[in-house]
$ cat query_25.cif   # mmCIF, C-alpha atoms
data_structure
loop_
_atom_site.label_atom_id
_atom_site.label_comp_id
_atom_site.auth_asym_id
_atom_site.auth_seq_id
_atom_site.Cartn_x
_atom_site.Cartn_y
_atom_site.Cartn_z
CA MET J 1061 0.00 0.00 0.00
CA ASP J 1062 2.96 2.31 -0.72
CA ASN J 1063 3.44 3.44 2.90
CA LYS J 1064 0.03 5.07 3.12
CA ILE J 1065 -2.53 4.74 5.93
CA ARG J 1066 -6.28 4.58 5.33
CA LEU J 1067 -8.63 6.04 7.94
CA ILE J 1068 -12.32 5.08 8.09
CA SER J 1069 -14.86 6.46 10.58
CA ASP J 1070 -18.51 5.57 11.21
CA GLY J 1071 -19.07 8.22 13.89
CA ASP J 1072 -18.56 5.75 16.76
CA GLY J 1073 -15.10 4.45 15.93
CA LEU J 1074 -12.08 4.89 13.70
CA ALA J 1075 -10.34 2.20 11.65
CA VAL J 1076 -6.65 2.57 10.78
CA ILE J 1077 -5.67 0.37 7.84
CA GLY J 1078 -2.32 -0.20 6.16
CA ASN J 1079 1.00 -2.00 6.25
CA PRO J 1080 1.38 -3.48 9.77
CA THR J 1081 4.57 -1.56 10.44
CA ASP J 1082 3.17 1.74 9.15
CA VAL J 1083 -0.06 1.35 11.09
CA LYS J 1084 1.82 0.85 14.37
CA ARG J 1085 4.12 3.78 13.63
CA PHE J 1086 1.10 5.95 12.96
CA LEU J 1087 -0.69 4.93 16.16
CA ILE J 1088 2.50 5.42 18.20
CA SER J 1089 3.00 8.89 16.72
CA GLU J 1090 -0.53 9.82 17.83
CA GLY J 1091 -0.18 8.17 21.25
CA LEU J 1092 -3.09 5.80 20.52
CA LEU J 1093 -1.52 2.36 20.17
CA PRO J 1094 -2.51 1.24 23.73
CA PHE J 1095 -6.19 1.94 22.91
CA ALA J 1096 -6.28 0.18 19.53
CA LYS J 1097 -7.85 -3.23 18.87
CA ASP J 1098 -7.39 -5.58 15.95
CA LEU J 1099 -10.21 -4.90 13.49
CA GLY J 1100 -10.27 -8.50 12.30
CA PHE J 1101 -10.23 -7.76 8.57
CA GLN J 1102 -10.11 -11.49 7.83
CA ARG J 1103 -13.80 -11.58 8.74
CA LEU J 1104 -14.49 -9.97 5.36
CA GLY J 1105 -13.89 -13.37 3.76
CA PRO J 1106 -17.58 -14.03 2.89
CA LEU J 1107 -17.87 -10.61 1.31
CA LEU J 1108 -14.73 -11.16 -0.78
CA ARG J 1109 -16.15 -14.42 -2.08
CA THR J 1110 -19.52 -12.98 -3.12
CA ALA J 1111 -18.78 -9.43 -4.30
CA ALA J 1112 -17.60 -8.87 -7.86
CA GLY J 1113 -14.50 -7.03 -8.95
CA ILE J 1114 -12.64 -6.92 -5.64
CA ALA J 1115 -9.86 -9.42 -6.21
CA GLN J 1116 -7.30 -6.65 -5.95
CA ALA J 1117 -8.91 -5.36 -2.77
CA GLY J 1118 -8.79 -8.87 -1.37
CA SER J 1119 -5.07 -9.09 -1.96
CA GLU J 1120 -4.61 -5.70 -0.29
CA ILE J 1121 -6.57 -6.86 2.74
CA SER J 1122 -4.56 -10.05 3.14
CA ALA J 1123 -1.29 -8.10 2.98
CA ASN J 1124 -2.22 -5.44 5.52
CA SER J 1125 -3.57 -5.00 9.01
CA ALA J 1126 -6.31 -2.87 10.52
CA TYR J 1127 -6.91 -1.52 14.01
CA TRP J 1128 -10.03 -0.01 15.55
CA LEU J 1129 -10.32 2.84 18.04
CA LYS J 1130 -13.36 4.01 19.95
CA LEU J 1131 -13.91 7.69 19.16
CA THR J 1132 -13.01 9.51 22.37
CA LYS J 1133 -11.49 12.88 23.12
CA GLU J 1134 -8.08 11.29 22.56
CA SER J 1135 -8.85 9.73 19.18
CA ALA J 1136 -11.56 12.00 17.73
CA HIS J 1137 -9.01 14.71 16.95
CA LEU J 1138 -7.73 12.54 14.08
CA VAL J 1139 -11.03 12.98 12.25
CA LYS J 1140 -10.67 16.77 12.41
CA LYS J 1141 -6.92 16.75 11.87
CA PHE J 1142 -7.02 14.81 8.60
CA GLY J 1143 -10.37 16.09 7.35
CA LEU J 1144 -12.18 12.82 6.66
CA MET J 1145 -14.47 12.99 3.63
CA GLU J 1146 -17.94 11.48 3.25
CA SER J 1147 -18.14 8.30 1.17
CA LYS J 1148 -21.00 6.76 -0.80
CA THR J 1149 -21.44 4.28 2.06
CA PRO J 1150 -24.00 5.77 4.52
CA ASP J 1151 -22.50 7.36 7.66
CA ILE J 1152 -18.96 6.46 6.61
CA SER J 1153 -16.14 8.98 6.08
CA TYR J 1154 -12.54 8.31 5.10
CA ALA J 1155 -9.12 9.76 4.35
CA MET J 1156 -5.67 8.62 3.29
CA VAL J 1157 -2.49 9.86 4.97
CA GLY J 1158 1.14 9.37 4.08
CA ASN J 1159 4.50 9.78 5.78
CA PRO J 1160 7.47 11.10 3.81
CA GLY J 1161 9.91 9.80 6.39
CA SER J 1162 9.41 11.39 9.78
CA ILE J 1163 7.07 9.76 12.28
CA LYS J 1164 5.72 13.16 13.28
CA SER J 1165 4.80 14.33 9.80
CA TRP J 1166 1.80 12.27 8.70
CA LEU J 1167 -0.11 14.29 6.12
CA GLN J 1168 -3.33 13.81 4.18
CA VAL J 1169 -2.61 12.73 0.61
CA THR J 1170 -4.60 12.51 -2.60
CA GLU J 1171 -6.53 9.28 -3.05
CA GLY J 1172 -4.99 7.07 -5.74
CA PRO J 1173 -6.90 5.11 -8.42
CA GLY J 1174 -8.09 1.63 -7.54
CA SER J 1175 -7.58 2.20 -3.83
CA LEU J 1176 -9.11 0.09 -1.12
CA LEU J 1177 -11.18 3.06 0.06
CA THR J 1178 -12.84 3.58 -3.31
CA ASN J 1179 -14.43 0.11 -3.14
CA PRO J 1180 -17.99 0.34 -1.68
CA ALA J 1181 -18.06 -3.38 -0.80
CA ILE J 1182 -14.93 -3.11 1.34
CA LEU J 1183 -16.13 0.08 3.01
CA SER J 1184 -19.45 -1.57 3.78
CA GLY J 1185 -17.81 -4.65 5.24
CA ALA J 1186 -15.39 -2.60 7.31
CA ALA J 1187 -18.30 -0.49 8.62
CA GLY J 1188 -20.15 -3.65 9.68
CA ILE J 1189 -17.16 -4.94 11.63
CA MET J 1190 -16.61 -1.52 13.19
CA ALA J 1191 -20.22 -1.50 14.38
CA GLN J 1192 -19.66 -4.89 16.03
CA LEU J 1193 -16.54 -3.63 17.78
CA ALA J 1194 -18.39 -0.54 19.05
CA MET J 1195 -21.08 -2.78 20.56
CA GLN J 1196 -18.49 -5.08 22.13
CA HIS J 1197 -16.71 -2.05 23.57
CA GLU J 1198 -19.97 -0.90 25.16
CA MET J 1199 -20.55 -4.39 26.53
CA GLY J 1200 -17.17 -4.23 28.24
CA GLU J 1201 -17.97 -0.83 29.72
CA ILE J 1202 -21.30 -2.12 31.06
CA LYS J 1203 -19.58 -5.12 32.68
CA SER J 1204 -17.16 -2.74 34.40
CA TYR J 1205 -20.07 -0.58 35.60
CA LEU J 1206 -21.90 -3.57 37.08
CA ALA J 1207 -18.72 -4.74 38.79
CA ALA J 1208 -18.06 -1.25 40.18
CA ILE J 1209 -21.48 -0.97 41.83
CA ASP J 1210 -21.04 -4.47 43.26
CA LYS J 1211 -24.43 -5.61 42.01
CA LYS J 1212 -24.94 -9.27 41.15
CA VAL J 1213 -27.49 -8.39 38.52
CA ASP J 1214 -28.43 -12.02 37.82
CA ASP J 1215 -29.31 -12.44 41.51
CA ILE J 1216 -31.47 -9.32 41.30
CA ILE J 1217 -33.22 -10.67 38.22
CA ARG J 1218 -33.87 -14.09 39.77
CA ALA J 1219 -35.25 -12.46 42.92
CA GLN J 1220 -37.99 -10.65 41.01
CA LYS J 1221 -41.49 -12.09 41.13
CA ASP J 1222 -42.12 -11.29 37.47
CA THR J 1223 -41.55 -14.55 35.60
CA GLU J 1224 -40.66 -12.85 32.31
CA LEU J 1225 -37.87 -10.90 33.97
CA GLY J 1226 -36.53 -14.10 35.47
CA LYS J 1227 -36.01 -15.51 31.97
CA VAL J 1228 -33.26 -12.96 31.36
CA PHE J 1229 -30.87 -15.12 33.36
CA GLY J 1230 -31.32 -18.04 31.00
CA ALA J 1231 -31.20 -15.77 27.95
CA GLY J 1232 -27.89 -14.42 29.15
CA LEU J 1233 -26.43 -17.93 29.29
CA ASP J 1234 -27.50 -18.66 25.71
CA ILE J 1235 -26.28 -15.36 24.31
CA GLU J 1236 -22.92 -15.54 26.08
CA SER J 1237 -22.46 -19.07 24.73
CA ALA J 1238 -23.14 -17.82 21.20
CA MET J 1239 -20.61 -15.01 21.63
CA SER J 1240 -18.01 -17.56 22.73
CA ILE J 1241 -18.70 -19.60 19.58
CA LEU J 1242 -18.29 -16.48 17.44
CA GLU J 1243 -15.01 -15.68 19.13
CA ARG J 1244 -13.65 -19.22 18.63
CA GLU J 1245 -14.98 -19.98 15.15
CA GLY J 1246 -15.45 -16.54 13.60
CA ARG J 1247 -19.05 -17.31 12.60
CA VAL J 1248 -22.45 -18.26 14.04
CA ASP J 1249 -23.93 -21.57 12.87
CA ASN J 1250 -27.65 -22.05 12.24
CA ASP J 1251 -28.36 -23.99 15.45
CA THR J 1252 -26.68 -21.39 17.64
CA TRP J 1253 -28.45 -18.55 15.88
CA SER J 1254 -31.89 -20.15 16.16
CA THR J 1255 -31.35 -20.52 19.91
CA VAL J 1256 -30.40 -16.90 20.57
CA GLN J 1257 -32.88 -15.49 18.07
CA ALA J 1258 -35.68 -16.96 20.17
CA ARG J 1259 -34.36 -14.99 23.15
CA THR J 1260 -34.92 -11.57 21.57
CA HIS J 1261 -38.34 -11.01 23.11
CA THR J 1262 -37.05 -12.07 26.52
CA ILE J 1263 -34.69 -9.11 26.54
CA THR J 1264 -37.18 -6.57 25.16
CA ASP J 1265 -39.92 -7.74 27.57
CA ALA J 1266 -37.57 -7.43 30.55
CA LEU J 1267 -36.50 -3.98 29.42
CA GLY J 1268 -40.13 -2.93 29.06
CA TRP J 1269 -40.94 -4.24 32.55
CA THR J 1270 -38.05 -2.33 34.08
CA LEU J 1271 -38.98 0.92 32.37
CA GLY J 1272 -42.52 0.42 33.65
CA ARG J 1273 -41.15 0.15 37.19
CA LEU J 1274 -39.32 3.47 36.77
CA ASP J 1275 -42.62 5.06 35.70
CA ALA J 1276 -44.35 3.54 38.72
CA LEU J 1277 -41.75 5.02 41.08
CA ALA J 1278 -42.27 8.44 39.51
CA GLU J 1279 -46.04 8.15 39.98
CA ARG J 1280 -45.63 7.17 43.65
CA LEU J 1281 -43.48 10.23 44.28
CA GLU J 1282 -45.95 12.48 42.50
CA SER J 1283 -48.89 11.22 44.55
CA THR J 1284 -47.18 11.48 47.96
CA ALA J 1285 -47.81 14.79 49.77
CA LYS J 1286 -46.96 14.37 53.48
CA ILE J 1287 -43.32 15.10 54.33
CA GLY J 1288 -42.85 11.99 56.44
CA ASP J 1289 -44.37 9.74 53.80
CA LEU J 1290 -42.38 11.52 51.11
CA ALA J 1291 -39.09 10.81 52.87
CA LYS J 1292 -39.95 7.12 53.11
CA THR J 1293 -41.04 6.94 49.47
CA VAL J 1294 -37.91 8.74 48.21
CA LYS J 1295 -35.66 6.48 50.27
CA GLU J 1296 -37.33 3.34 48.90
CA ALA J 1297 -37.26 4.73 45.35
CA GLY J 1298 -33.58 5.64 45.63
CA ALA J 1299 -32.69 2.11 46.65
CA GLU J 1300 -34.78 0.56 43.87
CA VAL J 1301 -33.43 2.87 41.15
CA GLU J 1302 -29.93 1.43 41.42
CA GLU J 1303 -31.21 -2.13 41.06
CA LEU J 1304 -33.49 -1.22 38.15
CA LEU J 1305 -30.67 0.54 36.32
CA ALA J 1306 -28.46 -2.51 36.81
CA VAL J 1307 -31.15 -4.63 35.14
CA VAL J 1308 -31.47 -2.12 32.28
CA ALA J 1309 -27.70 -2.17 31.84
CA ARG J 1310 -27.73 -5.97 31.67
CA CYS J 1311 -30.49 -5.83 29.03
CA PHE J 1312 -28.46 -3.30 27.03
CA GLU J 1313 -25.41 -5.55 27.27
CA LEU J 1314 -27.32 -8.59 26.00
CA GLN J 1315 -28.99 -6.52 23.27
CA ASP J 1316 -25.56 -5.38 22.09
CA ALA J 1317 -24.45 -9.01 21.97
CA LEU J 1318 -27.51 -9.97 19.94
CA ASP J 1319 -26.77 -7.15 17.49
CA VAL J 1320 -23.17 -8.32 17.12
CA LEU J 1321 -24.48 -11.79 16.26
CA ARG J 1322 -27.06 -10.33 13.84
CA LEU J 1323 -24.40 -8.39 11.95
CA GLN J 1324 -22.20 -11.45 11.75
CA ARG J 1325 -25.05 -13.50 10.30
CA VAL J 1326 -25.68 -10.86 7.64
CA LEU J 1327 -21.97 -10.63 6.87
CA ASP J 1328 -21.81 -14.41 6.45
CA GLU J 1329 -25.09 -14.96 4.61
CA SER J 1330 -26.13 -11.73 2.84
CA PRO J 1331 -23.23 -9.21 2.80
CA ASP J 1332 -25.06 -7.05 0.27
CA LYS J 1333 -27.62 -6.27 2.99
CA LEU J 1334 -24.98 -5.33 5.58
CA ASP J 1335 -25.33 -1.54 5.27
CA GLY J 1336 -29.10 -1.63 5.67
CA ARG J 1337 -28.95 -3.86 8.74
CA ARG J 1338 -26.12 -1.85 10.30
CA LEU J 1339 -28.05 1.40 9.96
CA LEU J 1340 -31.28 -0.17 11.24
CA LEU J 1341 -29.56 -1.53 14.35
CA LYS J 1342 -27.84 1.81 14.93
CA ASP J 1343 -31.22 3.58 14.78
CA ASP J 1344 -32.82 1.05 17.17
CA ARG J 1345 -29.92 1.42 19.56
CA GLN J 1346 -30.28 5.20 19.62
CA LYS J 1347 -34.03 4.95 20.23
CA ARG J 1348 -33.43 2.65 23.23
CA ARG J 1349 -30.99 5.15 24.70
CA GLU J 1350 -33.42 8.05 24.20
CA LEU J 1351 -36.29 6.08 25.75
CA ILE J 1352 -34.41 5.16 28.91
CA SER J 1353 -33.03 8.71 29.16
CA ARG J 1354 -36.59 10.11 29.09
CA LYS J 1355 -37.74 7.67 31.77
CA ILE J 1356 -34.80 8.52 34.02
CA GLU J 1357 -35.23 12.27 33.50
CA HIS J 1358 -38.93 11.96 34.40
CA LEU J 1359 -38.15 10.05 37.59
CA MET J 1360 -35.36 12.42 38.65
CA ALA J 1361 -37.66 15.40 37.99
CA ARG J 1362 -40.18 13.88 40.42
CA MET J 1363 -37.38 13.35 42.94
CA ASP J 1364 -36.26 16.96 42.55
CA ALA J 1365 -39.86 18.07 43.16
CA ALA J 1366 -39.82 16.00 46.37
CA ALA J 1367 -36.56 17.72 47.32
CA ASP J 1368 -38.18 21.13 46.80
CA THR J 1369 -41.01 20.12 49.12
CA ALA J 1370 -38.61 18.86 51.79
CA ASN J 1371 -36.36 21.91 51.41
CA SER J 1372 -39.34 24.18 52.11
CA ASN J 1373 -40.17 22.44 55.37
CA VAL J 1374 -36.84 22.07 57.17
CA LEU J 1375 -37.86 23.62 60.51
CA LEU J 1376 -40.31 20.88 61.49
CA HIS J 1377 -38.95 18.08 59.31
CA LEU J 1378 -35.16 18.23 59.45
CA PRO J 1379 -34.63 14.42 59.58
CA ALA J 1380 -37.02 13.93 56.66
CA HIS J 1381 -35.24 16.68 54.72
CA ARG J 1382 -31.89 14.97 55.25
CA THR J 1383 -33.29 11.61 54.22
CA VAL J 1384 -34.76 13.04 51.02
CA VAL J 1385 -31.56 14.86 50.02
CA GLY J 1386 -29.34 11.87 50.80
CA SER J 1387 -31.56 9.43 48.91
CA ILE J 1388 -31.81 11.67 45.85
CA ASN J 1389 -28.04 12.19 45.77
CA ARG J 1390 -27.50 8.42 45.89
CA ALA J 1391 -29.99 7.98 43.06
CA GLY J 1392 -28.17 10.69 41.10
CA ILE J 1393 -24.85 8.89 41.56
CA ALA J 1394 -26.48 5.67 40.33
CA VAL J 1395 -27.83 7.46 37.25
CA ASP J 1396 -24.41 8.97 36.46
CA GLY J 1397 -22.80 5.55 36.83
CA PHE J 1398 -25.37 4.02 34.47
CA HIS J 1399 -24.95 6.77 31.87
CA ARG J 1400 -21.15 6.60 31.76
CA PRO J 1401 -20.67 3.28 29.90
CA LEU J 1402 -23.35 4.29 27.40
CA GLY J 1403 -21.58 7.53 26.59
CA ILE J 1404 -24.55 9.64 27.74
CA GLU J 1405 -23.68 13.08 29.10
CA SER J 1406 -24.97 13.82 32.59
CA GLY J 1407 -24.65 17.26 34.14
CA ARG J 1408 -26.52 16.56 37.36
CA ARG J 1409 -25.29 18.26 40.53
CA SER J 1410 -25.57 16.96 44.07
CA LEU J 1411 -28.17 18.56 46.35
CA GLU J 1412 -27.09 20.18 49.61
CA VAL J 1413 -28.65 19.70 53.04
CA THR J 1414 -30.06 22.93 54.53
CA ARG J 1415 -28.82 23.66 58.07
CA TRP J 1416 -31.62 24.13 60.58
CA TRP J 1417 -30.35 27.51 61.76
CA ASP J 1418 -30.23 28.74 58.17
CA ALA J 1419 -33.83 27.64 57.72
CA ALA J 1420 -34.80 29.42 60.95
CA ARG J 1421 -33.64 32.71 59.44
CA ASP J 1422 -35.72 32.16 56.30
CA PRO J 1423 -39.16 33.88 56.45
CA ALA J 1424 -40.62 31.38 53.98
CA GLN J 1425 -39.56 28.47 56.19
CA LEU J 1426 -41.10 30.13 59.26
CA LYS J 1427 -44.30 30.77 57.35
CA ASN J 1428 -44.56 27.13 56.21
CA ALA J 1429 -43.88 25.82 59.71
CA THR J 1430 -46.44 28.15 61.31
CA ALA J 1431 -49.06 27.19 58.73
CA GLU J 1432 -48.51 23.49 59.34
CA VAL J 1433 -48.72 23.82 63.12
CA GLY J 1434 -51.86 25.90 62.74
CA ARG J 1435 -53.53 23.29 60.58
CA LYS J 1436 -52.73 20.55 63.05
CA GLY J 1437 -53.46 22.26 66.36
CA GLY J 1438 -55.76 25.20 65.63
CA MET J 1439 -54.73 28.82 65.48
CA ALA J 1440 -55.10 29.35 69.22
CA ALA J 1441 -52.50 26.72 69.96
CA ALA J 1442 -50.35 27.53 66.99
CA ALA J 1443 -47.97 29.93 68.78
CA VAL J 1444 -47.40 27.59 71.74
CA ALA J 1445 -47.01 24.53 69.51
CA MET J 1446 -44.70 26.42 67.17
CA GLY J 1447 -42.49 27.47 70.05
CA ALA J 1448 -42.24 23.91 71.32
CA ALA J 1449 -41.53 22.62 67.82
CA VAL J 1450 -38.76 25.17 67.36
CA VAL J 1451 -37.12 24.16 70.65
CA TRP J 1452 -37.38 20.44 69.75
CA ALA J 1453 -36.12 20.97 66.22
CA GLY J 1454 -33.33 23.20 67.48
CA ARG J 1455 -32.07 20.50 69.81
CA THR J 1456 -32.26 17.94 67.00
CA ALA J 1457 -30.33 20.28 64.72
CA LEU J 1458 -27.64 20.95 67.32
CA ASP J 1459 -27.24 17.21 67.96
CA GLY J 1460 -27.01 16.51 64.22
CA GLU J 1461 -24.64 19.37 63.47
CA GLY J 1462 -22.50 18.35 66.40
CA HIS J 1463 -21.99 15.03 64.61
CA GLY J 1464 -21.15 16.53 61.25
CA GLU J 1465 -24.83 16.57 60.17
CA GLU J 1466 -24.84 12.83 59.69
CA GLU J 1467 -28.12 11.25 58.74
#
$ encode --input "query_25.cif" --output "structure tokens"
Amino acid sequence: MDNKIRLISDGDGLAVIGNPTDVKRFLISEGLLPFAKDLGFQRLGPLLRTAAGIAQAGSEISANSAYWLKLTKESAHLVKKFGLMESKTPDISYAMVGNPGSIKSWLQVTEGPGSLLTNPAILSGAAGIMAQLAMQHEMGEIKSYLAAIDKKVDDIIRAQKDTELGKVFGAGLDIESAMSILEREGRVDNDTWSTVQARTHTITDALGWTLGRLDALAERLESTAKIGDLAKTVKEAGAEVEELLAVVARCFELQDALDVLRLQRVLDESPDKLDGRRLLLKDDRQKRRELISRKIEHLMARMDAAADTANSNVLLHLPAHRTVVGSINRAGIAVDGFHRPLGIESGRRSLEVTRWWDAARDPAQLKNATAEVGRKGGMAAAAVAMGAAVVWAGRTALDGEGHGEEE
């Protein structure tokens, strides 16, 4: 390939293709070699056998290597640096760079006739493999997330009373077995595929059930008015959110694995349909992300509304206020942890506990406390009751603040 490097991007990842030595020199010069994975170009074998007029491309592939990088802040600069151009393959851009001798002087060069990158079949096949690698990368990130939160998600699933959700455990065994076969043999046979294909609805049903539970938690928060009850509801919801998100993450992981297997089947059996299937799966994947993001945003909005209620009634309900704030912050940490492996931005900030003495100097807090005491004890007893409540709450606040405001 005359010492030139080919770059291909699908928006999620970047493929670096060329002579093995040149590819490694290029990645070293950009500080990206530790993050690169073998693209597995040999998996284009079925495509090379069925597509016409790519014998030369096939010889180029066999003589060269390809690496894949997830597009991150560290690697995405290459796309801008070398000005990748759009190709006729949907969502795929490319460029060719050359090195006149110095490792630090890689420059974009003019595309030559008959190049690998001008062949739509090769671009399509490379894009399909890149999509698989992006899904496998996400699967690895999800596994790390589940390990970090120390949640045995399969135990959580089996503990649920919903029988459909319990089937996810068995589906996971089948899908992981199929992925092992793909890794060992480079393909998915008919028997293996028929087994995992039947598991598709198991994953989507479990995901639907879990999203329904998130909606139910939001509705409970919305319908709870009393401060004491609200604190209990928020605490229970905060604990359940982490478990539900772990289940959603497991469903996403298994769905990614199913999509990897689907793309491999198309690559093996109908490579001419690879682009269409790749784009369809990409669209479905994005819709799943948007759906779960909406559900989480709705739930956290209800939690924030509960926080506003608790924050307005600190004088008489300091313990409840602390419980609400602490539970919501834990839920927020769980949401951030869930979003991270999926590459979803989260700008949520932690809530702060209001000190009792600060609330006592707030006219709005005094007004809310007086109104509540009046409703409970009658206006005649309001002043006396309010005074007693202030003394009691003051002692509670001093005790709490003396211990670092621990809950």
$ closest_residue --input "query_25.cif" --among "J:Lys1295, J:Leu1183, J:Ala1317, J:Asn1124" --to "Ser1240 of chain J" --atoms "only C-alpha atoms"
J:Ala1317
$ closest_residue --input "query_25.cif" --among "J:Leu1271, J:Ala1391, J:Val1374, J:Leu1411" --to "Arg1348 of chain J" --atoms "only C-alpha atoms"
J:Leu1271
$ closest_residue --input "query_25.cif" --among "J:Asp1251, J:Asp1368, J:Glu1198, J:Asp1275" --to "Ala1238 of chain J" --atoms "all atoms listed in the file"
J:Asp1251
$ atom_distance --input "query_25.cif" --atom1 "atom CA of Val1326 of chain J" --atom2 "atom CA of Arg1247 of chain J"
10.5 Å
$ closest_residue --input "query_25.cif" --among "J:Met1363, J:Ile1202, J:Ala1126, J:Ala1075" --to "Asp1316 of chain J" --atoms "all atoms listed in the file"
J:Ile1202
$ atom_distance --input "query_25.cif" --atom1 "atom CA of Ile1077 of chain J" --atom2 "atom CA of Val1157 of chain J"
10.4 Å
$ atom_distance --input "query_25.cif" --atom1 "atom CA of Asp1328 of chain J" --atom2 "atom CA of Leu1099 of chain J"
16.6 Å
$ residues_around --input "query_25.cif" --residues "Leu1334 of chain J" --least-positions-apart "4" --cutoff "10 Å" --atoms "all atoms listed in the file" --output "PyMOL selection string"
chain J and resi 1107+1181+1184-1185+1187-1189+1322-1330+1338-1340
